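A.B. asks: One structure coming up, written as structure tokens, with questions to follow.
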Amino acid sequence: MGEDDPITRYWGKDKLPLEAFGRMWTRQIARGFREFAKLGADQLLQVSFEDLQAQPERELRRIGEFFELPADEGWEKRAAGLLDSSLGQRPHNLSPEEYARVHEAVLPGQILLGREDPAKLLTSLRLMHEAVETYDPELESQ
């Protein structure tokens with residue numbers, strides 16, 4: 001990877017606004033949903049970050065069963081011990097204005113994930129339209 005890599009060129013910019021990462025996350029969620037539609041129910045396992053944090057051994061067991069991992073007594077407990085349970089629990093240190101911009105950037109993805117009210121869809125569509133000016137098609141081809 002170097003300067004020829006589109007991700008390095010895009011994300012390597014000085015002082016890239018946090019909401020740019022939020023827009024990228026939203027695009028990745030949308031791309032994922034587009035691909036999920038092509039899968040059969042037996043080919044997809046939904047795992048949420050929040051569930052993994054709350055019940056790590058249970059979720060890891062589900063993941064192991066889904067991928068038909070070989071039996072390894074206690075692997076879930078060992079793997080759960082590697083998780084940082086403070087992730088997602090930390091207070092943010094963003095200004096109210098920056099927090100609002102980041103929230104707007106992730107709103108479409110949050111609606112797709114069922115974490116925001118679908119009634120906010122019109123707001124989400126307006127925000128996505130406004131974000132088009134920052135769209136980098138090279139990133140989508142990766």
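Convention: chains lettered A, B, ... in structure tokens order; per-chain residue numbering from 1; ligands numbered from 1 as shown.
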Show which residues sit within 10 Å of Phe49 (chain A), as a list in words. Count only C-alpha atoms, and ignore same-chain residues fewer than 2 positions away.
C.D. replies: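 Using only C-alpha atoms, the neighbours found are Val47, Asp51, Leu52, Gln53, Ala54, Pro56, Glu59, Leu87 and Gly88 of chain A.
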A.B. asks: Excluding Gly81 (chain A) and any residue of its chain fewer than 5 positions from it, enumerate the residues within 12 Å of it, using only C-alpha atoms, and give them as number ranges by chain.
C.D. replies: A: 53, 55-57, 60, 74-76
A.B. asks: Calculate how many Å separate CA of Gly22 (chain A) from CA of Val106 (chain A), rounding to one decimal.
C.D. replies: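 Between these atoms lies a distance of 5.1 Å.
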A.B. asks: Please list as a PDB file with C-alpha atoms, in the first residue's frame every residue within 12 Å of Ala30 (chain A), counting only C-alpha atoms and excluding residues in the same chain fewer than 4 positions away.
C.D. replies:
```pdb
ATOM      1  CA  ARG A  23     -20.432   8.289   5.758  1.00  0.00           C
ATOM      2  CA  MET A  24     -18.001   5.515   4.793  1.00  0.00           C
ATOM      3  CA  TRP A  25     -19.507   3.274   7.519  1.00  0.00           C
ATOM      4  CA  THR A  26     -23.010   4.004   6.205  1.00  0.00           C
ATOM      5  CA  ARG A  34     -27.342  -5.205  -0.924  1.00  0.00           C
ATOM      6  CA  GLU A  35     -25.160  -8.331  -0.785  1.00  0.00           C
ATOM      7  CA  PHE A  36     -27.142  -9.951   2.053  1.00  0.00           C
ATOM      8  CA  ALA A  37     -30.201  -9.959  -0.185  1.00  0.00           C
ATOM      9  CA  VAL A 106     -24.462   7.411  10.238  1.00  0.00           C
ATOM     10  CA  LEU A 107     -28.253   7.907  10.285  1.00  0.00           C
ATOM     11  CA  PRO A 108     -28.951   5.973   7.050  1.00  0.00           C
ATOM     12  CA  GLY A 109     -26.930   2.997   8.275  1.00  0.00           C
ATOM     13  CA  GLN A 110     -28.572   3.154  11.687  1.00  0.00           C
ATOM     14  CA  ILE A 111     -32.008   3.046  10.024  1.00  0.00           C
ATOM     15  CA  LEU A 112     -30.970  -0.010   8.000  1.00  0.00           C
ATOM     16  CA  LEU A 113     -29.771  -1.718  11.182  1.00  0.00           C
ATOM     17  CA  MET A 128     -27.336  11.221   1.835  1.00  0.00           C
ATOM     18  CA  GLU A 140     -16.565   1.765  -3.792  1.00  0.00           C
TER      19      GLU A 140
END
```
A.B. asks: Closest to Leu125 (chain A) among A:Gly64, A:Ala105, A:Asp84, A:Ile29, using only C-alpha atoms?
C.D. replies: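 The answer is A:Ala105, which sits nearest to Leu125 (chain A).
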A.B. asks: Point out the residue among A:Gln46, A:Val102, A:Arg27, A:Thr123 with the least atom-to-atom distance to Ile63 (chain A), counting only C-alpha atoms.
C.D. replies: A:Gln46
A.B. asks: Just the helix (DSSP H, G or I) stuff from region 17-142 of chain A, please, per backbone DSSP, written as a ChimeraX atom specification.
C.D. replies: /A:18-36,41-43,49-54,56-66,75-80,96-112,118-134,137-140
A.B. asks: Between A:Leu45, A:Leu18, A:Ala71, A:Leu121, single out the one closest to His103 (chain A), counting only C-alpha atoms.
C.D. replies: A:Leu18
A.B. asks: Can you tell me how far CA of Pro96 (chain A) sits from CA of Phe21 (chain A), in Å to one decimal?
C.D. replies: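 So the answer is 17.4 Å.
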